[in-house]
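Peer 1: File work15.txt below, compact mmCIF, C-alpha atoms:
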# COMPACT_ATOMS: atom_id res chain seq x y z
CA MET D 1201 17.44 -3.63 -25.63
CA GLU D 1202 21.11 -3.00 -25.27
CA LEU D 1203 21.76 -6.22 -27.14
CA VAL D 1204 19.55 -5.15 -30.04
CA LEU D 1205 21.26 -1.76 -30.27
CA PHE D 1206 24.69 -3.31 -30.14
CA ALA D 1207 23.83 -5.91 -32.78
CA GLY D 1208 22.48 -3.29 -35.17
CA LEU D 1209 25.40 -0.91 -34.70
CA ALA D 1210 27.93 -3.75 -34.96
CA VAL D 1211 26.45 -4.95 -38.25
CA VAL D 1212 26.51 -1.40 -39.64
CA ALA D 1213 30.10 -0.89 -38.51
CA GLY D 1214 31.27 -4.25 -39.88
CA VAL D 1215 29.57 -3.92 -43.27
CA ALA D 1216 30.72 -0.32 -43.71
CA ALA D 1217 34.28 -1.33 -42.78
CA LEU D 1218 34.24 -4.07 -45.43
CA LEU D 1219 32.95 -1.59 -47.97
CA VAL D 1220 35.76 0.83 -47.11
CA VAL D 1221 38.41 -1.58 -48.34
CA VAL D 1222 36.72 -2.80 -51.54
CA GLN D 1223 35.70 0.47 -53.21
CA ARG D 1224 37.44 1.53 -56.43
CA HIS D 1225 36.89 5.24 -55.80
CA ALA D 1226 38.57 6.80 -52.79
CA VAL D 1227 35.64 9.12 -52.08
CA TYR D 1228 33.26 6.20 -51.47
CA SER D 1229 35.79 4.65 -49.10
CA ALA D 1230 35.97 7.87 -47.11
CA LEU D 1231 32.18 8.11 -46.86
CA PHE D 1232 31.88 4.51 -45.70
CA LEU D 1233 34.58 5.14 -43.13
CA ILE D 1234 32.51 8.06 -41.80
CA ILE D 1235 29.58 5.65 -41.45
CA THR D 1236 31.81 3.19 -39.59
CA MET D 1237 32.96 5.88 -37.20
CA GLY D 1238 29.37 6.97 -36.60
CA ALA D 1239 28.33 3.41 -35.76
CA LEU D 1240 31.32 3.10 -33.44
CA ALA D 1241 30.31 6.33 -31.72
CA GLY D 1242 26.94 4.70 -31.04
CA ILE D 1243 28.70 1.67 -29.56
CA TYR D 1244 30.79 3.97 -27.39
CA ILE D 1245 27.55 5.31 -25.90
CA LEU D 1246 26.66 1.74 -24.91
CA LEU D 1247 30.07 1.53 -23.23
CA GLU D 1248 29.39 4.56 -21.01
CA ALA D 1249 32.09 6.57 -22.81
CA HIS D 1250 30.23 9.85 -23.07
CA PHE D 1251 33.15 12.19 -23.56
CA VAL D 1252 34.82 9.84 -26.02
CA TRP D 1253 31.88 9.44 -28.36
CA VAL D 1254 31.40 13.18 -28.64
CA ILE D 1255 35.10 13.57 -29.42
CA GLN D 1256 34.81 10.74 -31.95
CA VAL D 1257 32.02 12.49 -33.83
CA ILE D 1258 33.54 15.96 -33.67
CA VAL D 1259 37.22 15.16 -34.21
CA TYR D 1260 37.39 11.80 -36.00
CA ALA D 1261 34.34 11.89 -38.24
CA GLY D 1262 34.04 15.65 -38.37
CA ALA D 1263 37.61 16.84 -38.83
CA ILE D 1264 39.94 13.99 -39.77
CA MET D 1265 37.61 12.49 -42.38
CA VAL D 1266 36.80 15.93 -43.77
CA LEU D 1267 40.54 16.47 -44.15
CA PHE D 1268 40.73 13.14 -45.99
CA LEU D 1269 37.97 14.22 -48.34
CA PHE D 1270 39.68 17.53 -48.99
CA VAL D 1271 42.91 15.79 -49.92
CA ILE D 1272 41.13 13.18 -52.09
CA MET D 1273 39.39 15.88 -54.06
CA LEU D 1274 42.51 18.04 -54.21
CA LEU D 1275 44.57 15.24 -55.74
CA ASP D 1276 42.00 14.34 -58.42
CA ILE D 1277 42.51 10.59 -58.18
CA ARG D 1278 41.49 8.31 -61.02
CA ARG D 1279 39.69 5.02 -60.58
CA GLU D 1280 41.97 2.34 -59.27
CA PRO D 1281 42.92 -0.28 -61.89
CA ASN D 1282 41.30 -3.70 -61.81
CA PRO D 1283 42.75 -5.62 -58.85
CA TRP D 1284 42.07 -9.04 -60.38
CA ALA D 1285 44.79 -8.63 -62.96
CA PRO D 1286 47.53 -11.27 -62.44
CA PRO D 1287 50.33 -9.30 -60.77
CA ASP D 1288 47.95 -8.04 -58.10
CA ARG D 1289 45.75 -11.09 -57.75
CA ALA D 1290 48.33 -13.27 -55.97
CA ARG D 1291 49.17 -10.51 -53.55
CA ILE D 1292 45.51 -9.91 -52.75
CA LEU D 1293 44.80 -13.62 -52.18
CA VAL D 1294 47.78 -14.01 -49.86
CA ALA D 1295 46.81 -10.86 -47.97
CA VAL D 1296 43.20 -11.98 -47.52
CA VAL D 1297 44.20 -15.48 -46.40
CA LEU D 1298 46.69 -14.15 -43.86
CA SER D 1299 44.20 -11.59 -42.58
CA LEU D 1300 41.61 -14.33 -42.11
CA VAL D 1301 44.20 -16.31 -40.15
CA LEU D 1302 44.74 -13.21 -38.01
CA LEU D 1303 41.01 -12.88 -37.48
CA VAL D 1304 40.66 -16.52 -36.45
CA GLU D 1305 43.55 -16.19 -34.00
CA LEU D 1306 42.08 -13.04 -32.48
CA GLY D 1307 38.71 -14.75 -32.28
CA MET D 1308 40.23 -17.68 -30.42
CA ALA D 1309 41.98 -15.32 -28.00
CA VAL D 1310 38.74 -13.44 -27.40
CA GLY D 1311 36.72 -16.62 -27.02
CA GLN D 1312 38.61 -17.74 -23.94
CA ARG D 1313 36.46 -17.30 -20.88
CA LEU D 1314 37.81 -13.96 -19.75
CA MET D 1315 36.81 -14.29 -16.08
CA LEU D 1316 35.72 -10.67 -15.98
CA SER D 1317 32.34 -9.45 -14.83
CA PRO D 1318 29.67 -11.70 -16.35
CA ALA D 1319 26.84 -10.44 -18.51
CA GLY D 1320 24.92 -9.25 -15.48
CA GLY D 1321 27.88 -7.59 -13.76
CA PRO D 1322 27.72 -4.61 -11.43
CA ASP D 1323 27.15 -1.25 -12.98
CA VAL D 1324 29.77 1.48 -13.05
CA ALA D 1325 29.99 4.46 -10.72
CA GLY D 1326 27.87 7.54 -11.33
CA GLY D 1327 30.36 9.79 -13.07
CA PHE D 1328 32.00 7.12 -15.20
CA GLY D 1329 32.98 8.43 -18.60
CA THR D 1330 31.54 11.90 -18.19
CA THR D 1331 33.35 15.02 -19.33
CA GLN D 1332 33.89 16.12 -15.74
CA THR D 1333 35.63 12.87 -14.84
CA VAL D 1334 37.80 12.88 -17.95
CA GLY D 1335 38.67 16.54 -17.45
CA ARG D 1336 39.59 16.04 -13.83
CA LEU D 1337 41.81 13.08 -14.70
CA LEU D 1338 43.48 14.91 -17.56
CA PHE D 1339 44.45 17.77 -15.28
CA THR D 1340 45.60 15.69 -12.34
CA ASP D 1341 46.85 12.16 -12.99
CA PHE D 1342 47.48 12.58 -16.71
CA LEU D 1343 48.69 16.17 -16.78
CA PHE D 1344 52.08 15.44 -18.28
CA PRO D 1345 50.82 13.43 -21.28
CA PHE D 1346 48.15 16.06 -21.80
CA GLU D 1347 50.74 18.81 -22.09
CA ILE D 1348 52.83 16.62 -24.39
CA THR D 1349 49.85 16.23 -26.74
CA SER D 1350 49.75 19.99 -27.19
CA ILE D 1351 53.36 19.83 -28.34
CA ILE D 1352 52.53 16.91 -30.65
CA LEU D 1353 49.78 18.93 -32.28
CA LEU D 1354 52.05 21.94 -32.68
CA VAL D 1355 54.76 19.82 -34.30
CA ALA D 1356 52.20 18.20 -36.61
CA MET D 1357 50.88 21.57 -37.74
CA VAL D 1358 54.32 22.97 -38.44
CA GLY D 1359 55.39 19.77 -40.21
CA ALA D 1360 52.32 19.72 -42.42
CA MET D 1361 52.78 23.35 -43.42
CA VAL D 1362 56.42 22.78 -44.28
CA LEU D 1363 55.74 19.57 -46.24
CA ALA D 1364 52.82 20.83 -48.26
CA LYS D 1365 54.18 24.26 -49.05
CA LYS D 1366 54.64 25.09 -52.70
CA HIS D 1367 58.30 25.82 -53.30
CA GLN D 1368 58.56 28.61 -55.83
CA MET G 979 20.53 -8.83 -21.01
CA ARG G 980 23.88 -7.08 -20.98
CA VAL G 981 26.15 -7.34 -23.99
CA PRO G 982 29.10 -9.60 -23.06
CA LEU G 983 32.65 -8.35 -23.24
CA GLU G 984 33.53 -10.93 -25.88
CA ALA G 985 31.08 -9.37 -28.33
CA TYR G 986 32.84 -6.01 -28.21
CA LEU G 987 36.23 -7.66 -28.49
CA PHE G 988 35.19 -9.77 -31.45
CA LEU G 989 33.81 -6.72 -33.27
CA SER G 990 37.10 -4.95 -32.59
CA ALA G 991 39.09 -7.93 -33.88
CA PHE G 992 36.96 -8.01 -37.02
CA LEU G 993 37.46 -4.30 -37.70
CA PHE G 994 41.18 -4.69 -37.12
CA ALA G 995 41.39 -7.62 -39.56
CA VAL G 996 39.45 -5.63 -42.18
CA GLY G 997 41.94 -2.79 -41.70
CA VAL G 998 44.82 -5.21 -42.21
CA ILE G 999 43.19 -6.44 -45.44
CA GLY G 1000 42.89 -2.84 -46.60
CA VAL G 1001 46.52 -2.02 -45.90
CA ALA G 1002 47.89 -5.17 -47.54
CA THR G 1003 45.58 -5.23 -50.56
CA ARG G 1004 45.07 -1.73 -51.91
CA ARG G 1005 47.42 0.30 -54.07
CA ASN G 1006 45.95 3.74 -53.44
CA ALA G 1007 47.92 5.42 -50.65
CA LEU G 1008 44.85 7.29 -49.38
CA ILE G 1009 42.82 4.11 -48.96
CA ILE G 1010 45.75 2.46 -47.19
CA PHE G 1011 45.76 5.43 -44.86
CA MET G 1012 42.04 5.07 -44.23
CA SER G 1013 42.56 1.40 -43.38
CA ILE G 1014 45.11 2.45 -40.79
CA GLU G 1015 42.49 4.76 -39.30
CA LEU G 1016 40.09 1.82 -39.23
CA MET G 1017 42.62 -0.19 -37.24
CA LEU G 1018 43.03 2.68 -34.79
CA ASN G 1019 39.27 2.79 -34.30
CA ALA G 1020 39.21 -0.94 -33.61
CA VAL G 1021 41.86 -0.50 -30.92
CA ASN G 1022 39.85 2.37 -29.42
CA LEU G 1023 36.87 0.04 -29.14
CA THR G 1024 39.00 -2.54 -27.32
CA PHE G 1025 40.24 0.06 -24.86
CA LEU G 1026 36.75 1.33 -24.13
CA ALA G 1027 35.31 -2.17 -23.74
CA PHE G 1028 37.94 -3.08 -21.17
CA ALA G 1029 37.56 0.27 -19.42
CA ARG G 1030 33.86 -0.43 -19.05
CA PHE G 1031 34.24 -3.99 -17.83
CA LEU G 1032 37.15 -3.30 -15.48
CA HIS G 1033 35.53 -0.11 -14.11
CA SER G 1034 38.69 1.85 -14.85
CA MET G 1035 38.85 5.30 -16.43
CA ASP G 1036 42.40 4.69 -17.65
CA GLY G 1037 41.12 3.11 -20.85
CA GLN G 1038 39.08 6.16 -21.78
CA ILE G 1039 41.95 8.55 -21.10
CA PHE G 1040 44.16 6.43 -23.31
CA VAL G 1041 41.56 6.54 -26.07
CA PHE G 1042 41.68 10.33 -25.84
CA PHE G 1043 45.43 10.23 -26.40
CA VAL G 1044 45.08 7.73 -29.24
CA MET G 1045 42.69 10.11 -30.98
CA VAL G 1046 45.04 13.07 -30.55
CA VAL G 1047 47.98 11.13 -31.94
CA ALA G 1048 45.83 9.79 -34.80
CA ALA G 1049 44.85 13.35 -35.71
CA ALA G 1050 48.47 14.49 -35.74
CA GLU G 1051 49.45 11.42 -37.78
CA VAL G 1052 46.73 12.01 -40.35
CA VAL G 1053 47.81 15.62 -40.79
CA VAL G 1054 51.45 14.79 -41.38
CA GLY G 1055 50.69 11.69 -43.49
CA LEU G 1056 48.38 13.58 -45.83
CA ALA G 1057 50.95 16.35 -46.19
CA ILE G 1058 53.48 13.71 -47.22
CA ILE G 1059 51.03 12.23 -49.73
CA ILE G 1060 50.43 15.67 -51.20
CA ALA G 1061 54.18 16.22 -51.50
CA ILE G 1062 54.58 12.84 -53.22
CA TYR G 1063 51.76 13.66 -55.62
CA ARG G 1064 53.40 16.94 -56.54
CA ASN G 1065 56.60 15.15 -57.46
CA ARG G 1066 55.36 11.93 -59.08
CA GLU G 1067 51.81 12.82 -60.17
CA THR G 1068 50.51 9.58 -58.63
CA VAL G 1069 49.36 8.14 -55.29
CA ASP G 1070 49.78 4.54 -56.46
CA VAL G 1071 52.19 2.93 -54.00
CA ALA G 1072 53.34 0.47 -56.65
CA GLU G 1073 54.91 3.38 -58.52
CA LEU G 1074 56.91 4.65 -55.53
CA ASN G 1075 59.95 2.50 -56.24
CA LEU G 1076 62.88 4.90 -55.95
CA LEU G 1077 64.50 2.73 -53.27
CA LYS G 1078 64.37 -0.47 -55.34
CA TRP G 1079 67.71 -1.63 -56.59
In structure tokens, what does this structure look like?
Peer 2:
Amino acid sequence: MELVLFAGLAVVAGVAALLVVVQRHAVYSALFLIITMGALAGIYILLEAHFVWVIQVIVYAGAIMVLFLFVIMLLDIRREPNPWAPPDRARILVAVVLSLVLLVELGMAVGQRLMLSPAGGPDVAGGFGTTQTVGRLLFTDFLFPFEITSIILLVAMVGAMVLAKKHQ
Amino acid sequence: MRVPLEAYLFLSAFLFAVGVIGVATRRNALIIFMSIELMLNAVNLTFLAFARFLHSMDGQIFVFFVMVVAAAEVVVGLAIIIAIYRNRETVDVAELNLLKW
């Protein structure tokens, strides 16, 4: 059952990811990326990452991608010119070939017998991945990085407001 | 039957490679940015897969921080793209050639 769910979600995520990078309109790319993130959230459930998949749906698909869509519609982008015209075609072919080489190399690295728990390995502890566990860890072992992230967000907000301000 | 670790890792590698294709191939700055987000999601999947199979919560905490940093990066990056659009009326990266000699 878990295998069927994973296979379905993986196919959705993979196909949607491919469609993200081949669309001519930016809006379609953003919508396919939302689908990819939704499929990944489903896979995160299979990985016992309960806090993370909720954050993925709320923050990644629900805030970051909405921000992308706002900016795409604000900037009124035209259709991208035909990528098979000669100056771009060579670059695209080289990029695709090199990316396929990267994929093959990563596949070979993954295919090594990883000597970790086999397919029928022991299950995880009761509170693995729950909000309580993540919250407790964030406020004890990972307190310092957690406070730093609040500063990161503050700096990002101030920076964005300064950069995007209309200068009269 | 449990899904093996290699399946998650191969899906993550595939998503990462698709993100690399997007960054290297497209001319629209927004789609390049979305491909970067795709790569970040692939790395999140790797972290969570290893966290699950090594029974360690460290991977999930790190994914939390990756998401926070990705959010901050998207905010600043889109503000930069808006500023570029205001000045040059385009988001085509082929036209951003002020540093070319």
Peer 1: Tell me, as a compact mmCIF listing (two decimals) with C-alpha atoms, in the frame of the given file, which residues lie within 9 Å of stretch 1023-1033 of chain G, counting all atoms listed in the file; anything in the same chain fewer than 5 positions away does not count.
Peer 2:
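Output saved as out09.txt:
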# COMPACT_ATOMS: atom_id res chain seq x y z
CA LEU D 1240 31.32 3.10 -33.44
CA ILE D 1243 28.70 1.67 -29.56
CA TYR D 1244 30.79 3.97 -27.39
CA LEU D 1247 30.07 1.53 -23.23
CA GLU D 1248 29.39 4.56 -21.01
CA ALA D 1249 32.09 6.57 -22.81
CA VAL D 1252 34.82 9.84 -26.02
CA LEU D 1316 35.72 -10.67 -15.98
CA SER D 1317 32.34 -9.45 -14.83
CA GLY D 1321 27.88 -7.59 -13.76
CA ASP D 1323 27.15 -1.25 -12.98
CA VAL D 1324 29.77 1.48 -13.05
CA ALA D 1325 29.99 4.46 -10.72
CA PHE D 1328 32.00 7.12 -15.20
CA GLY D 1329 32.98 8.43 -18.60
CA LEU G 983 32.65 -8.35 -23.24
CA TYR G 986 32.84 -6.01 -28.21
CA LEU G 987 36.23 -7.66 -28.49
CA LEU G 989 33.81 -6.72 -33.27
CA SER G 990 37.10 -4.95 -32.59
CA ALA G 991 39.09 -7.93 -33.88
CA LEU G 1018 43.03 2.68 -34.79
CA GLN G 1038 39.08 6.16 -21.78
CA PHE G 1040 44.16 6.43 -23.31
CA VAL G 1041 41.56 6.54 -26.07
Peer 1: I need the residue nearest D:Ala1239 from this list: D:Ala1226, D:Val1204, D:Val1212, D:Ala1261. Use all atoms listed in the file for the distance.
Peer 2: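 With all atoms listed in the file as the atom set, the closest residue is D:Val1212.
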Peer 1: What's around G:Leu1016 at 8 Å? Count all atoms listed in the file, leave out sequence neighbours fewer than 6 positions away in its own chain, and write the answer as number ranges by chain.
Peer 2: D: 1217, 1233; G: 993-994, 997
Peer 1: Please build the interface table for chain G against chain D with a cut-off of 8 Å, listing for each qualifying residue the nearest atom pair and the distance in Å to one decimal; count only C-alpha atoms, order rows by chain and increasing number, and write it as CSV.
Peer 2:
residue,atom,partner,partner_atom,distance
G:Met979,CA,D:Leu1203,CA,6.8
G:Arg980,CA,D:Ala1319,CA,5.1
G:Val981,CA,D:Leu1203,CA,5.5
G:Pro982,CA,D:Ala1319,CA,5.1
G:Leu983,CA,D:Ala1319,CA,7.8
G:Glu984,CA,D:Val1310,CA,6.0
G:Leu987,CA,D:Val1310,CA,6.4
G:Phe988,CA,D:Gly1307,CA,6.2
G:Leu989,CA,D:Ala1210,CA,6.8
G:Ala991,CA,D:Leu1306,CA,6.1
G:Phe992,CA,D:Leu1303,CA,6.4
G:Leu993,CA,D:Gly1214,CA,6.6
G:Ala995,CA,D:Leu1303,CA,5.7
G:Val996,CA,D:Leu1218,CA,6.3
G:Gly997,CA,D:Val1221,CA,7.6
G:Val998,CA,D:Ser1299,CA,6.4
G:Ile999,CA,D:Val1296,CA,5.9
G:Gly1000,CA,D:Val1221,CA,5.0
G:Ala1002,CA,D:Ala1295,CA,5.8
G:Thr1003,CA,D:Ile1292,CA,5.2
G:Arg1004,CA,D:Val1221,CA,7.6
G:Arg1005,CA,D:Glu1280,CA,7.8
G:Asn1006,CA,D:Glu1280,CA,7.2
G:Leu1008,CA,D:Ala1226,CA,7.2
G:Ile1009,CA,D:Ala1226,CA,6.3
G:Met1012,CA,D:Ala1230,CA,7.3
G:Ser1013,CA,D:Val1221,CA,7.1
G:Leu1016,CA,D:Ala1217,CA,7.5
G:Asn1019,CA,D:Met1237,CA,7.6
G:Leu1023,CA,D:Tyr1244,CA,7.4
G:Leu1026,CA,D:Leu1247,CA,6.7
G:Ala1027,CA,D:Leu1247,CA,6.4
G:Arg1030,CA,D:Leu1247,CA,6.0
G:Phe1031,CA,D:Ser1317,CA,6.5
G:Leu1032,CA,D:Leu1316,CA,7.5
G:His1033,CA,D:Val1324,CA,6.1
G:Met1035,CA,D:Gly1329,CA,7.0
G:Gln1038,CA,D:Val1252,CA,7.0
G:Ile1039,CA,D:Val1334,CA,6.8
G:Val1041,CA,D:Val1252,CA,7.5
G:Phe1042,CA,D:Val1252,CA,6.9
G:Phe1043,CA,D:Thr1349,CA,7.5
G:Met1045,CA,D:Tyr1260,CA,7.5
G:Val1046,CA,D:Thr1349,CA,6.9
G:Val1047,CA,D:Ile1352,CA,7.5
G:Ala1049,CA,D:Ile1264,CA,6.4
G:Ala1050,CA,D:Ala1356,CA,5.3
G:Glu1051,CA,D:Ala1356,CA,7.4
G:Val1052,CA,D:Ile1264,CA,7.1
G:Val1053,CA,D:Ala1360,CA,6.3
G:Val1054,CA,D:Ala1360,CA,5.1
G:Leu1056,CA,D:Val1271,CA,7.2
G:Ala1057,CA,D:Ala1360,CA,5.2
G:Ile1058,CA,D:Leu1363,CA,6.4
G:Ile1060,CA,D:Ala1364,CA,6.4
G:Ala1061,CA,D:Ala1364,CA,5.8
G:Tyr1063,CA,D:Leu1275,CA,7.4
G:Val1069,CA,D:Ile1277,CA,7.8
Peer 1: Give me, please, the distance in Å between atom CA of G:Thr1068 and atom CA of D:Phe1270, quoted to one decimal.
Peer 2: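 Atom CA of D:Phe1270 lies 16.5 Å from atom CA of G:Thr1068.
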Peer 1: Rounded to one decimal place, report the atom CA of G:Val1071-atom CA of G:Val1001 distance in Å.
Peer 2: 11.1 Å
Peer 1: How many Å lie between atom CA of D:Gln1368 and atom CA of G:Gly1055, rounded to one decimal?
Peer 2: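 Between atom CA of D:Gln1368 and atom CA of G:Gly1055 the gap works out to 22.4 Å.
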